[in-house]
$ cat data_20.txt   # compact mmCIF, C-alpha atoms
# COMPACT_ATOMS: atom_id res chain seq x y z
CA MET P 1 0.00 0.00 0.00
CA ASN P 2 2.78 2.44 0.91
CA GLU P 3 4.55 1.82 -2.41
CA THR P 4 1.50 2.57 -4.59
CA PRO P 5 2.59 5.40 -6.95
CA SER P 6 0.92 8.79 -6.85
CA GLY P 7 -0.58 8.30 -10.30
CA GLU P 8 -2.50 5.23 -9.11
CA ARG P 9 -3.84 6.84 -5.91
CA PRO P 10 -7.19 8.64 -6.02
CA HIS P 11 -6.56 12.27 -5.01
CA ILE P 12 -8.88 13.82 -2.41
CA GLY P 13 -8.59 17.62 -2.28
CA PHE P 14 -9.61 19.69 0.75
CA PHE P 15 -10.95 23.07 -0.37
CA GLY P 16 -12.64 26.07 1.21
CA ARG P 17 -12.10 29.53 2.64
CA ARG P 18 -9.15 30.50 4.82
CA ASN P 19 -9.32 29.31 8.44
CA ALA P 20 -12.25 26.97 7.84
CA GLY P 21 -10.08 24.20 9.28
CA LYS P 22 -8.92 22.42 6.11
CA SER P 23 -5.45 21.71 7.48
CA SER P 24 -6.75 20.58 10.88
CA LEU P 25 -9.25 18.29 9.20
CA LEU P 26 -6.65 16.74 6.88
CA ASN P 27 -4.36 16.17 9.87
CA ALA P 28 -7.21 14.47 11.73
CA VAL P 29 -8.01 12.19 8.77
CA ALA P 30 -4.32 11.33 8.28
CA GLY P 31 -3.77 10.82 12.00
CA GLN P 32 -0.63 12.97 12.05
CA GLU P 33 0.55 16.56 11.70
CA VAL P 34 0.87 16.87 7.94
CA SER P 35 -0.15 20.50 7.41
CA LEU P 36 0.84 23.49 9.52
CA VAL P 37 -2.11 24.79 11.56
CA SER P 38 -2.38 28.39 12.75
CA PRO P 39 -5.12 30.93 13.55
CA VAL P 40 -3.45 33.26 11.03
CA LYS P 41 -5.36 33.40 7.75
CA GLY P 42 -3.50 32.08 4.74
CA THR P 43 -1.13 29.77 6.65
CA THR P 44 -1.33 27.17 3.87
CA THR P 45 0.42 28.83 0.94
CA ASP P 46 1.03 25.79 -1.30
CA PRO P 47 -0.73 22.46 -1.78
CA VAL P 48 0.41 19.88 0.79
CA ARG P 49 0.12 16.16 -0.06
CA LYS P 50 -0.08 13.14 2.19
CA ALA P 51 -0.24 9.55 0.95
CA MET P 52 -2.21 7.21 3.21
CA GLU P 53 -4.40 4.12 3.22
CA LEU P 54 -8.11 4.79 3.52
CA LEU P 55 -9.87 1.54 4.37
CA PRO P 56 -11.74 -0.16 2.88
CA LEU P 57 -10.84 1.72 -0.32
CA GLY P 58 -7.05 1.44 -0.21
CA PRO P 59 -4.20 3.87 -1.02
CA VAL P 60 -5.21 7.52 -1.54
CA MET P 61 -3.56 10.93 -1.70
CA LEU P 62 -4.88 13.72 0.55
CA VAL P 63 -4.25 17.27 -0.70
CA ASP P 64 -4.51 20.37 1.49
CA THR P 65 -4.95 23.62 -0.46
CA PRO P 66 -4.75 27.40 0.14
CA GLY P 67 -7.97 29.25 0.92
CA MET P 68 -10.09 30.02 -2.13
CA ASP P 69 -10.96 33.45 -0.69
CA ASP P 70 -7.36 34.69 -0.38
CA GLU P 71 -6.70 38.31 -1.31
CA GLY P 72 -4.03 40.52 -2.87
CA GLU P 73 -1.52 39.74 -5.59
CA LEU P 74 0.12 36.87 -3.71
CA GLY P 75 -3.26 35.62 -2.53
CA GLY P 76 -4.44 35.52 -6.11
CA LEU P 77 -1.58 33.17 -6.97
CA ARG P 78 -2.56 30.94 -4.05
CA VAL P 79 -6.17 30.83 -5.23
CA LYS P 80 -4.92 29.89 -8.69
CA ARG P 81 -2.94 26.98 -7.26
CA ALA P 82 -5.93 25.79 -5.26
CA ALA P 83 -8.13 25.96 -8.37
CA ARG P 84 -5.53 23.95 -10.27
CA GLU P 85 -5.71 21.22 -7.62
CA LEU P 86 -9.50 21.21 -7.95
CA ALA P 87 -9.13 20.42 -11.65
CA ARG P 88 -6.78 17.53 -10.82
CA ALA P 89 -8.68 15.96 -7.91
CA ASP P 90 -10.68 12.72 -8.07
CA ALA P 91 -12.93 13.87 -5.23
CA ALA P 92 -13.34 17.14 -3.33
CA VAL P 93 -14.05 17.96 0.29
CA LEU P 94 -15.52 21.43 0.78
CA VAL P 95 -14.64 22.51 4.31
CA ALA P 96 -16.85 25.21 5.83
CA GLU P 97 -17.49 26.37 9.40
CA ALA P 98 -20.49 24.89 11.18
CA GLY P 99 -23.10 27.55 11.83
CA SER P 100 -21.62 30.04 9.33
CA GLY P 101 -23.18 28.74 6.13
CA LEU P 102 -21.50 28.90 2.73
CA ASN P 103 -19.90 32.04 1.36
CA GLU P 104 -19.27 33.06 -2.24
CA ALA P 105 -15.98 31.13 -2.46
CA ASP P 106 -17.68 27.99 -1.13
CA ARG P 107 -20.52 28.25 -3.64
CA LYS P 108 -17.99 28.72 -6.45
CA ILE P 109 -16.29 25.49 -5.42
CA ARG P 110 -19.63 23.69 -5.56
CA GLU P 111 -20.30 25.10 -9.03
CA LEU P 112 -16.89 24.02 -10.32
CA CYS P 113 -17.36 20.51 -8.93
CA ALA P 114 -20.77 20.26 -10.59
CA GLU P 115 -19.34 21.46 -13.93
CA ARG P 116 -16.57 18.86 -13.77
CA ARG P 117 -18.79 16.10 -12.39
CA LEU P 118 -16.40 15.85 -9.49
CA PRO P 119 -17.69 13.90 -6.45
CA LEU P 120 -18.12 16.41 -3.60
CA LEU P 121 -18.60 16.09 0.14
CA THR P 122 -19.39 19.25 2.14
CA VAL P 123 -17.97 19.05 5.66
CA TYR P 124 -18.94 21.60 8.30
CA ASN P 125 -15.99 21.75 10.72
CA LYS P 126 -15.92 23.14 14.28
CA CYS P 127 -19.34 21.73 15.15
CA ASP P 128 -18.23 21.71 18.79
CA LEU P 129 -18.38 25.54 18.76
CA ALA P 130 -21.90 25.82 17.33
CA GLU P 131 -24.92 25.92 19.68
CA THR P 132 -27.59 24.65 17.29
CA LEU P 133 -27.28 23.10 13.87
CA PRO P 134 -29.84 22.10 11.24
CA PRO P 135 -29.82 18.47 10.03
CA PRO P 136 -27.08 17.89 7.43
CA GLY P 137 -28.16 17.52 3.82
CA GLU P 138 -27.17 14.85 1.33
CA ASN P 139 -23.38 14.51 1.08
CA GLU P 140 -22.96 16.82 4.08
CA LEU P 141 -21.44 16.08 7.48
CA TYR P 142 -20.75 17.93 10.74
CA VAL P 143 -17.33 17.25 12.26
CA SER P 144 -14.88 18.60 14.78
CA ALA P 145 -11.24 18.15 13.82
CA VAL P 146 -10.20 19.29 17.32
CA ARG P 147 -12.52 17.06 19.34
CA GLY P 148 -12.66 14.20 16.81
CA ASP P 149 -16.43 14.24 16.30
CA ASN P 150 -17.58 12.10 13.34
CA MET P 151 -14.08 11.42 12.04
CA GLU P 152 -14.78 7.74 11.36
CA ALA P 153 -18.00 8.70 9.59
CA LEU P 154 -15.98 11.15 7.48
CA LYS P 155 -13.54 8.44 6.42
CA ASP P 156 -16.41 6.14 5.48
CA LYS P 157 -18.04 8.88 3.41
CA LEU P 158 -14.74 9.65 1.64
CA ALA P 159 -14.38 6.00 0.63
CA THR P 160 -17.98 5.94 -0.64
CA LEU P 161 -17.41 9.22 -2.48
CA LEU P 162 -14.44 7.85 -4.38
CA GLU P 163 -16.22 4.62 -5.22
CA SER P 164 -18.95 6.72 -6.87
CA GLY P 165 -16.43 8.49 -9.12
CA GLU P 166 -14.66 7.32 -12.26
CA ALA P 167 -14.15 3.61 -12.77
CA LYS P 168 -10.62 2.28 -12.70
CA PHE P 169 -9.20 1.95 -16.20
CA ARG P 170 -7.09 -1.10 -17.00
CA LEU P 171 -3.64 -0.80 -18.51
CA VAL P 172 -3.49 -4.03 -20.51
CA GLY P 173 -5.42 -6.78 -18.70
CA ASP P 174 -8.68 -6.14 -20.54
CA LEU P 175 -6.94 -6.95 -23.84
CA LEU P 176 -6.14 -10.49 -22.67
CA HIS P 177 -7.95 -13.70 -21.78
CA PRO P 178 -6.99 -16.23 -19.09
CA ALA P 179 -4.02 -18.39 -20.14
CA ASP P 180 -2.93 -15.89 -22.83
CA PHE P 181 0.76 -15.03 -23.23
CA ALA P 182 1.87 -11.40 -23.35
CA VAL P 183 5.49 -10.69 -24.23
CA LEU P 184 6.93 -7.50 -22.71
CA VAL P 185 10.04 -6.03 -24.30
CA THR P 186 12.02 -4.03 -21.74
CA PRO P 187 15.36 -2.59 -22.86
CA ILE P 188 18.01 -2.37 -20.15
CA ASP P 189 20.22 0.57 -21.12
CA MET P 190 21.82 3.59 -19.47
CA ALA P 191 18.44 5.28 -19.03
CA ALA P 192 16.88 2.28 -17.25
CA PRO P 193 16.65 2.62 -13.45
CA LYS P 194 19.33 0.56 -11.72
CA GLY P 195 18.03 -2.62 -10.16
CA ARG P 196 14.37 -2.24 -11.15
CA LEU P 197 11.93 -1.90 -14.03
CA ILE P 198 10.28 1.40 -14.87
CA LEU P 199 6.79 1.93 -13.47
CA PRO P 200 4.69 1.17 -16.62
CA GLN P 201 6.53 -2.14 -17.01
CA GLN P 202 5.84 -3.09 -13.39
CA GLN P 203 2.19 -2.11 -13.71
CA ALA P 204 1.79 -4.07 -16.95
CA ILE P 205 3.17 -7.24 -15.34
CA ARG P 206 0.78 -6.89 -12.39
CA ASP P 207 -2.22 -6.22 -14.65
CA ILE P 208 -1.40 -9.23 -16.83
CA LEU P 209 -1.22 -11.50 -13.76
CA GLU P 210 -4.55 -10.12 -12.51
CA ALA P 211 -6.05 -11.10 -15.87
CA ASP P 212 -4.86 -14.71 -15.21
CA ALA P 213 -2.55 -14.41 -18.21
CA THR P 214 1.21 -15.01 -18.42
CA ALA P 215 3.83 -12.28 -18.73
CA VAL P 216 7.06 -13.13 -20.55
CA VAL P 217 9.68 -10.39 -20.11
CA VAL P 218 12.62 -10.08 -22.50
CA LYS P 219 15.12 -7.54 -23.79
CA GLU P 220 14.80 -6.41 -27.37
CA HIS P 221 17.64 -8.60 -28.67
CA GLU P 222 16.02 -11.73 -27.19
CA LEU P 223 12.56 -11.22 -28.69
CA ARG P 224 12.97 -13.15 -31.95
CA ASP P 225 14.31 -16.28 -30.24
CA THR P 226 11.71 -16.05 -27.48
CA LEU P 227 8.82 -15.89 -29.95
CA ALA P 228 10.24 -18.91 -31.80
CA ALA P 229 10.54 -20.85 -28.53
CA LEU P 230 6.97 -20.24 -27.36
CA ARG P 231 4.64 -23.15 -28.03
CA LYS P 232 1.75 -20.86 -28.86
CA LYS P 233 1.41 -17.45 -30.41
CA PRO P 234 1.35 -14.60 -27.89
CA ALA P 235 -1.85 -12.61 -27.65
CA LEU P 236 0.13 -9.37 -27.48
CA VAL P 237 3.63 -7.94 -27.62
CA VAL P 238 4.20 -4.74 -25.64
CA THR P 239 7.44 -2.84 -26.09
CA ASP P 240 9.24 0.23 -24.94
CA SER P 241 8.58 2.76 -27.70
CA GLN P 242 12.27 3.54 -28.10
CA VAL P 243 12.89 0.13 -29.72
CA PHE P 244 9.73 0.08 -31.85
CA ALA P 245 11.65 -0.38 -35.10
CA LYS P 246 13.50 -3.54 -34.07
CA VAL P 247 10.56 -5.04 -32.19
CA SER P 248 8.20 -4.41 -35.11
CA ALA P 249 10.63 -6.12 -37.48
CA ASP P 250 11.02 -9.14 -35.16
CA THR P 251 7.29 -9.55 -34.39
CA PRO P 252 5.20 -11.46 -36.98
CA GLU P 253 2.48 -9.39 -38.62
CA ASP P 254 -0.26 -11.62 -37.20
CA VAL P 255 0.84 -10.89 -33.61
CA PRO P 256 -0.68 -7.70 -32.10
CA LEU P 257 1.90 -5.12 -31.11
CA THR P 258 1.77 -1.93 -29.07
CA SER P 259 3.86 -0.04 -26.49
CA PHE P 260 3.79 0.77 -22.79
CA SER P 261 3.45 4.46 -23.59
CA ILE P 262 0.45 3.92 -25.86
CA LEU P 263 -1.24 1.68 -23.28
CA MET P 264 -0.66 4.38 -20.68
CA ALA P 265 -2.17 7.03 -22.97
CA ARG P 266 -5.25 4.85 -23.33
CA SER P 267 -5.63 4.30 -19.58
CA LYS P 268 -5.20 8.03 -18.90
CA GLY P 269 -7.80 8.96 -21.52
CA ILE P 270 -5.72 10.87 -24.08
CA LEU P 271 -5.04 8.26 -26.77
CA ASP P 272 -7.63 9.58 -29.22
CA ALA P 273 -6.25 13.12 -28.84
CA ALA P 274 -2.68 11.83 -29.23
CA VAL P 275 -3.56 10.05 -32.47
CA ALA P 276 -5.32 13.12 -33.85
CA GLY P 277 -2.51 15.47 -32.83
CA VAL P 278 0.44 13.56 -34.23
CA LYS P 279 -0.37 14.58 -37.85
CA VAL P 280 0.87 18.11 -37.01
CA LEU P 281 4.36 16.67 -37.21
CA ASP P 282 4.14 16.84 -41.01
CA SER P 283 3.54 20.61 -41.01
CA LEU P 284 6.33 21.65 -38.63
CA GLU P 285 8.61 24.38 -39.92
CA ASP P 286 11.96 25.81 -38.81
CA GLY P 287 11.52 27.66 -35.54
CA ASP P 288 8.14 26.13 -34.64
CA ARG P 289 7.93 25.43 -30.92
CA VAL P 290 7.42 21.87 -29.64
CA LEU P 291 6.67 21.57 -25.92
CA VAL P 292 7.94 18.27 -24.48
CA CYS P 293 6.22 17.37 -21.18
CA GLU P 294 7.02 14.67 -18.65
CA GLY P 295 5.03 13.88 -15.53
CA CYS P 296 8.02 12.98 -13.37
CA THR P 297 11.36 14.54 -12.59
CA HIS P 298 14.54 12.53 -12.99
CA ARG P 299 18.21 13.06 -13.67
CA ARG P 300 18.74 13.44 -17.40
CA GLN P 301 21.04 10.84 -18.96
CA CYS P 302 23.29 11.42 -21.94
CA ASP P 303 20.70 9.98 -24.34
CA ASP P 304 17.51 10.97 -22.52
CA ILE P 305 14.30 10.15 -24.42
CA GLY P 306 12.55 13.49 -23.86
CA THR P 307 15.36 16.00 -24.19
CA VAL P 308 17.71 14.22 -26.60
CA LYS P 309 16.20 11.35 -28.58
CA LEU P 310 12.79 12.81 -29.44
CA PRO P 311 14.18 16.16 -30.65
CA ARG P 312 16.75 14.31 -32.74
CA TRP P 313 14.18 11.96 -34.28
CA ILE P 314 11.74 14.80 -35.00
CA ARG P 315 14.46 16.82 -36.78
CA GLN P 316 15.45 13.76 -38.80
CA TYR P 317 11.86 12.94 -39.75
CA THR P 318 10.75 16.48 -40.66
CA GLY P 319 14.00 17.75 -42.09
CA LYS P 320 13.25 20.94 -40.15
CA ASN P 321 14.78 22.59 -37.11
CA PRO P 322 11.97 23.25 -34.61
CA GLU P 323 12.56 24.88 -31.25
CA PHE P 324 12.08 22.59 -28.23
CA ALA P 325 10.98 23.55 -24.73
CA PHE P 326 10.80 21.15 -21.79
CA VAL P 327 8.69 20.90 -18.63
CA SER P 328 8.56 18.11 -16.05
CA GLY P 329 6.86 17.15 -12.81
CA ARG P 330 3.56 18.69 -11.72
CA GLU P 331 4.18 21.94 -13.58
CA PHE P 332 2.24 22.30 -16.80
CA PRO P 333 1.85 25.68 -18.51
CA GLU P 334 -1.66 27.06 -18.49
CA ARG P 335 -0.74 29.25 -21.45
CA ALA P 336 1.44 27.83 -24.22
CA ASP P 337 0.00 29.71 -27.18
CA SER P 338 3.27 29.78 -29.07
CA ALA P 339 3.57 25.97 -29.17
CA LYS P 340 2.73 24.18 -32.40
CA LEU P 341 2.63 20.75 -30.73
CA ILE P 342 2.73 19.25 -27.22
CA ALA P 343 4.50 15.89 -26.91
CA HIS P 344 3.70 14.20 -23.59
CA CYS P 345 5.11 11.13 -21.90
CA GLY P 346 2.82 8.27 -20.88
CA GLY P 347 2.01 10.01 -17.60
CA CYS P 348 2.51 7.01 -15.31
CA MET P 349 3.11 9.33 -12.33
CA LEU P 350 -0.01 11.39 -13.03
CA THR P 351 -3.64 10.56 -12.32
CA ARG P 352 -6.17 10.18 -15.10
CA ARG P 353 -7.82 13.42 -13.92
CA GLU P 354 -4.49 15.23 -14.17
CA MET P 355 -3.93 14.01 -17.73
CA GLN P 356 -7.48 15.00 -18.65
CA TYR P 357 -6.76 18.45 -17.17
CA ARG P 358 -3.63 18.80 -19.31
CA ARG P 359 -5.50 17.64 -22.38
CA SER P 360 -8.26 20.19 -21.75
CA LEU P 361 -5.72 23.02 -21.33
CA ALA P 362 -4.15 22.09 -24.67
CA GLU P 363 -7.54 21.90 -26.39
CA MET P 364 -8.66 25.26 -24.99
CA GLN P 365 -5.57 26.84 -26.52
CA GLY P 366 -5.98 25.02 -29.82
CA ILE P 367 -2.66 23.18 -29.42
CA PRO P 368 -2.54 19.54 -30.61
CA ILE P 369 -1.24 17.11 -27.99
CA THR P 370 0.33 13.75 -28.69
CA ASN P 371 2.17 11.03 -26.82
CA TYR P 372 5.72 9.69 -26.99
CA GLY P 373 4.66 6.22 -28.18
CA VAL P 374 2.22 7.53 -30.79
CA LEU P 375 4.81 10.01 -32.02
CA ILE P 376 7.57 7.42 -32.41
CA ALA P 377 5.28 4.87 -34.08
CA TYR P 378 4.04 7.51 -36.54
CA MET P 379 7.57 8.57 -37.51
CA GLN P 380 8.50 4.91 -38.08
CA GLY P 381 5.42 4.22 -40.20
CA ILE P 382 3.90 1.58 -37.90
CA LEU P 383 1.15 3.58 -36.17
CA PRO P 384 -1.79 1.71 -37.83
CA ARG P 385 -0.29 -1.57 -36.69
CA VAL P 386 0.29 -0.61 -33.05
CA LEU P 387 -3.18 0.92 -32.77
CA SER P 388 -5.01 -2.03 -34.32
CA VAL P 389 -5.48 -3.59 -30.87
CA PHE P 390 -7.91 -0.75 -30.08
CA PRO P 391 -10.91 -1.26 -32.42
CA TYR P 392 -12.66 1.92 -31.27
CA LEU P 393 -9.97 3.96 -33.04
CA ARG P 394 -11.48 3.56 -36.48
CA THR P 395 -9.01 5.57 -38.50
CA PHE P 396 -5.28 6.01 -38.13
CA PRO P 397 -3.15 8.74 -39.70
CA GLU P 398 -0.75 7.29 -42.25
CA LYS P 399 2.86 8.40 -42.37
$ encode --input "data_20.txt" --output "structure tokens"
Amino acid sequence: MNETPSGERPHIGFFGRRNAGKSSLLNAVAGQEVSLVSPVKGTTTDPVRKAMELLPLGPVMLVDTPGMDDEGELGGLRVKRAARELARADAAVLVAEAGSGLNEADRKIRELCAERRLPLLTVYNKCDLAETLPPPGENELYVSAVRGDNMEALKDKLATLLESGEAKFRLVGDLLHPADFAVLVTPIDMAAPKGRLILPQQQAIRDILEADATAVVVKEHELRDTLAALRKKPALVVTDSQVFAKVSADTPEDVPLTSFSILMARSKGILDAAVAGVKVLDSLEDGDRVLVCEGCTHRRQCDDIGTVKLPRWIRQYTGKNPEFAFVSGREFPERADSAKLIAHCGGCMLTRREMQYRRSLAEMQGIPITNYGVLIAYMQGILPRVLSVFPYLRTFPEK
């Protein structure tokens, strides 16, 4: 449970006005002092995250946020950060003061949640200080973070709230039947993490086992001999996108082929946008800006995929010299009007909601967004093949 990555944990955001008790409430739910608590308004200046296990649901991420009624120039930036977390959350807790009702900022939060179909629980904190209180409405609860009133009921409601949200999307298991073989091609090079597989590879293995199928893991140079040694044809070959060319050549045409990055784009809900956006590659000109985005931060190696290989391959494919910009981690530009194309990693460290948020920002600005795996497959002329495992994608752009 403790090792579940952030991208696989439902995110529960605590929102509301300053001094409503968001930080105290999050601390009470987590059972430890996660957020700084003070009577001074605006104590929480940046989102604070705490990973925990919320039974019976499982691993979750709690997110404390700045007050949505903050003021001034700096306060405006805090409100902006809180609003950004609201767009990323899988469920929201609106924290208000018992006996005080909802103010304009609270009602705005409710409106935003309704617009985004975000599960919402309104919690009236500090009920120990109120003399009389009306009965709570649907999805409302009175609590006291200080005295501990109704804390177990709050945890139960949070679990129910998340269960009512988006269904969990499979990575690869739904493409397989029990007893199927899936061959996973995992290059071990300088960019591979020492002593372990990268996260999408680990998640694919687990999902295959949960589908009662068999995972066969090989390096790219062992694939041809492995396929020849198997007694039956594999149901699927999944590869790291960086070795698409070799793996495609070594995999028979009647064996379905795709990549970890493309599977991740499907599970995060951006595959259709990535397929539509990749065609922009053919219209790039010298000086056009390509924004390369990664959801995690890591030390760049000498032949890093995002900052070195992709720019090199794009220049070779287009014969042009575009300008490349790079962002990583949780930062994603809300305004990137000058970009001609956004190339995003699989997003294994980001939630589905976060990837949907990034997709929506790109669409609002009219900027096509694509994915590393889709991009590489398109440049190598094998995109129709690697997308054929997804019948709902009726048409594929040809190279």
$ closest_atom_pairs --input "data_20.txt" --of "region 202-239 of chain P" --to "region 253-273 of chain P" --cutoff "12 Å" --atoms "all atoms listed in the file" --output "JSON lines"
{"residue": "P:Gln202", "atom": "CA", "partner": "P:Phe260", "partner_atom": "CA", "distance": 10.4}
{"residue": "P:Gln203", "atom": "CA", "partner": "P:Phe260", "partner_atom": "CA", "distance": 9.7}
{"residue": "P:Ala204", "atom": "CA", "partner": "P:Phe260", "partner_atom": "CA", "distance": 7.8}
{"residue": "P:Ile205", "atom": "CA", "partner": "P:Phe260", "partner_atom": "CA", "distance": 11.0}
{"residue": "P:Asp207", "atom": "CA", "partner": "P:Leu263", "partner_atom": "CA", "distance": 11.7}
{"residue": "P:Leu227", "atom": "CA", "partner": "P:Val255", "partner_atom": "CA", "distance": 10.1}
{"residue": "P:Lys232", "atom": "CA", "partner": "P:Val255", "partner_atom": "CA", "distance": 11.1}
{"residue": "P:Lys233", "atom": "CA", "partner": "P:Val255", "partner_atom": "CA", "distance": 7.3}
{"residue": "P:Pro234", "atom": "CA", "partner": "P:Val255", "partner_atom": "CA", "distance": 6.8}
{"residue": "P:Ala235", "atom": "CA", "partner": "P:Pro256", "partner_atom": "CA", "distance": 6.7}
{"residue": "P:Leu236", "atom": "CA", "partner": "P:Pro256", "partner_atom": "CA", "distance": 5.0}
{"residue": "P:Val237", "atom": "CA", "partner": "P:Leu257", "partner_atom": "CA", "distance": 4.8}
{"residue": "P:Val238", "atom": "CA", "partner": "P:Ser259", "partner_atom": "CA", "distance": 4.8}
{"residue": "P:Thr239", "atom": "CA", "partner": "P:Ser259", "partner_atom": "CA", "distance": 4.6}
$ write_last_selection --input "data_20.txt" --atoms "C-alpha atoms" --output "compact mmCIF listing (two decimals), in the frame of the given file"
# COMPACT_ATOMS: atom_id res chain seq x y z
CA GLN P 202 5.84 -3.09 -13.39
CA GLN P 203 2.19 -2.11 -13.71
CA ALA P 204 1.79 -4.07 -16.95
CA ILE P 205 3.17 -7.24 -15.34
CA ASP P 207 -2.22 -6.22 -14.65
CA LEU P 227 8.82 -15.89 -29.95
CA LYS P 232 1.75 -20.86 -28.86
CA LYS P 233 1.41 -17.45 -30.41
CA PRO P 234 1.35 -14.60 -27.89
CA ALA P 235 -1.85 -12.61 -27.65
CA LEU P 236 0.13 -9.37 -27.48
CA VAL P 237 3.63 -7.94 -27.62
CA VAL P 238 4.20 -4.74 -25.64
CA THR P 239 7.44 -2.84 -26.09
$ residues_around --input "data_20.txt" --residues "region 133-138 of chain P" --least-positions-apart "4" --cutoff "12 Å" --atoms "all atoms listed in the file" --output "short mmCIF file (atom, residue, chain, number, x, y, z; two decimals) with C-alpha atoms, in the coordinates of the input"
data_model
loop_
_atom_site.label_atom_id
_atom_site.label_comp_id
_atom_site.auth_asym_id
_atom_site.auth_seq_id
_atom_site.Cartn_x
_atom_site.Cartn_y
_atom_site.Cartn_z
CA GLU P 97 -17.49 26.37 9.40
CA ALA P 98 -20.49 24.89 11.18
CA GLY P 99 -23.10 27.55 11.83
CA SER P 100 -21.62 30.04 9.33
CA GLY P 101 -23.18 28.74 6.13
CA LEU P 120 -18.12 16.41 -3.60
CA LEU P 121 -18.60 16.09 0.14
CA THR P 122 -19.39 19.25 2.14
CA VAL P 123 -17.97 19.05 5.66
CA TYR P 124 -18.94 21.60 8.30
CA ASN P 125 -15.99 21.75 10.72
CA LYS P 126 -15.92 23.14 14.28
CA CYS P 127 -19.34 21.73 15.15
CA ASP P 128 -18.23 21.71 18.79
CA LEU P 129 -18.38 25.54 18.76
CA TYR P 142 -20.75 17.93 10.74
CA VAL P 143 -17.33 17.25 12.26
CA LYS P 157 -18.04 8.88 3.41
CA LEU P 161 -17.41 9.22 -2.48
#
$ atom_distance --input "data_20.txt" --atom1 "CA of Phe15 (chain P)" --atom2 "CA of Gly148 (chain P)"
19.4 Å
$ atom_distance --input "data_20.txt" --atom1 "CA of Ile367 (chain P)" --atom2 "CA of Leu112 (chain P)"
23.8 Å
$ closest_atom_pairs --input "data_20.txt" --of "region 312-335 of chain P" --to "region 280-295 of chain P" --cutoff "6 Å" --atoms "all atoms listed in the file" --output "CSV"
residue,atom,partner,partner_atom,distance
P:Lys320,CA,P:Asp286,CA,5.2
P:Asn321,CA,P:Asp286,CA,4.6
P:Pro322,CA,P:Gly287,CA,4.5
P:Glu323,CA,P:Arg289,CA,4.7
P:Phe324,CA,P:Val290,CA,4.9
P:Ala325,CA,P:Leu291,CA,4.9
P:Phe326,CA,P:Val292,CA,4.9
P:Val327,CA,P:Cys293,CA,5.0
P:Ser328,CA,P:Glu294,CA,4.6
P:Gly329,CA,P:Gly295,CA,4.6
$ atom_distance --input "data_20.txt" --atom1 "CA of Leu350 (chain P)" --atom2 "CA of Arg9 (chain P)"
9.3 Å
$ residues_around --input "data_20.txt" --residues "Leu62 (chain P)" --least-positions-apart "5" --cutoff "7 Å" --atoms "all atoms listed in the file" --output "list of chain:residue names"
P:His11, P:Ile12, P:Gly13, P:Arg49, P:Lys50, P:Ala51
$ closest_residue --input "data_20.txt" --among "P:Thr318, P:Thr65, P:Gln380, P:Asn371" --to "Leu341 (chain P)" --atoms "all atoms listed in the file"
P:Asn371
$ residues_around --input "data_20.txt" --residues "Gln356 (chain P)" --least-positions-apart "4" --cutoff "10 Å" --atoms "all atoms listed in the file" --output "ChimeraX atom specification"
/P:87-88,268-270,351-352,360-362
$ closest_residue --input "data_20.txt" --among "P:Gly21, P:Gly75, P:Pro200, P:Pro368" --to "Val95 (chain P)" --atoms "all atoms listed in the file"
P:Gly21
$ residues_around --input "data_20.txt" --residues "Phe14 (chain P)" --least-positions-apart "6" --cutoff "10 Å" --atoms "only C-alpha atoms" --output "list in words"
Gly21, Lys22, Ser23, Leu25, Leu26, Pro47, Leu62, Val63, Asp64, Thr65, Pro66, Gly67, Ala82, Glu85, Leu86, Ala89, Ala91, Ala92, Val93, Leu94, Val95, Leu121, Thr122 and Val123 of chain P
$ closest_residue --input "data_20.txt" --among "P:Ala211, P:Leu55, P:Cys345, P:Ala20" --to "Leu158 (chain P)" --atoms "all atoms listed in the file"
P:Leu55
$ residues_near_point --input "data_20.txt" --point "(1.8, -2.3, -34.4)" --cutoff "8 Å" --atoms "all atoms listed in the file" --output "ChimeraX atom specification"
/P:248,256-258,377,382-388
$ closest_residue --input "data_20.txt" --among "P:Asp90, P:Asp156, P:Asp149, P:Glu363" --to "Asp337 (chain P)" --atoms "only C-alpha atoms"
P:Glu363
$ closest_atom_pairs --input "data_20.txt" --of "region 214-272 of chain P" --to "region 305-313 of chain P" --cutoff "12 Å" --atoms "all atoms listed in the file" --output "tab-separated table"
residue	atom	partner	partner_atom	distance
P:Asp240	CA	P:Ile305	CA	11.1
P:Ser241	CA	P:Ile305	CA	9.9
P:Gln242	CA	P:Ile305	CA	7.8
P:Val243	CA	P:Ile305	CA	11.4
$ residues_around --input "data_20.txt" --residues "region 104-110 of chain P" --least-positions-apart "2" --cutoff "7 Å" --atoms "all atoms listed in the file" --output "number ranges by chain"
P: 16-17, 68-69, 102, 112-114
$ closest_residue --input "data_20.txt" --among "P:Asp70, P:Glu152, P:Glu210, P:Glu163" --to "Pro178 (chain P)" --atoms "all atoms listed in the file"
P:Glu210
$ closest_residue --input "data_20.txt" --among "P:Val185, P:Val275, P:Ala228, P:Cys348" --to "Tyr378 (chain P)" --atoms "only C-alpha atoms"
P:Val275
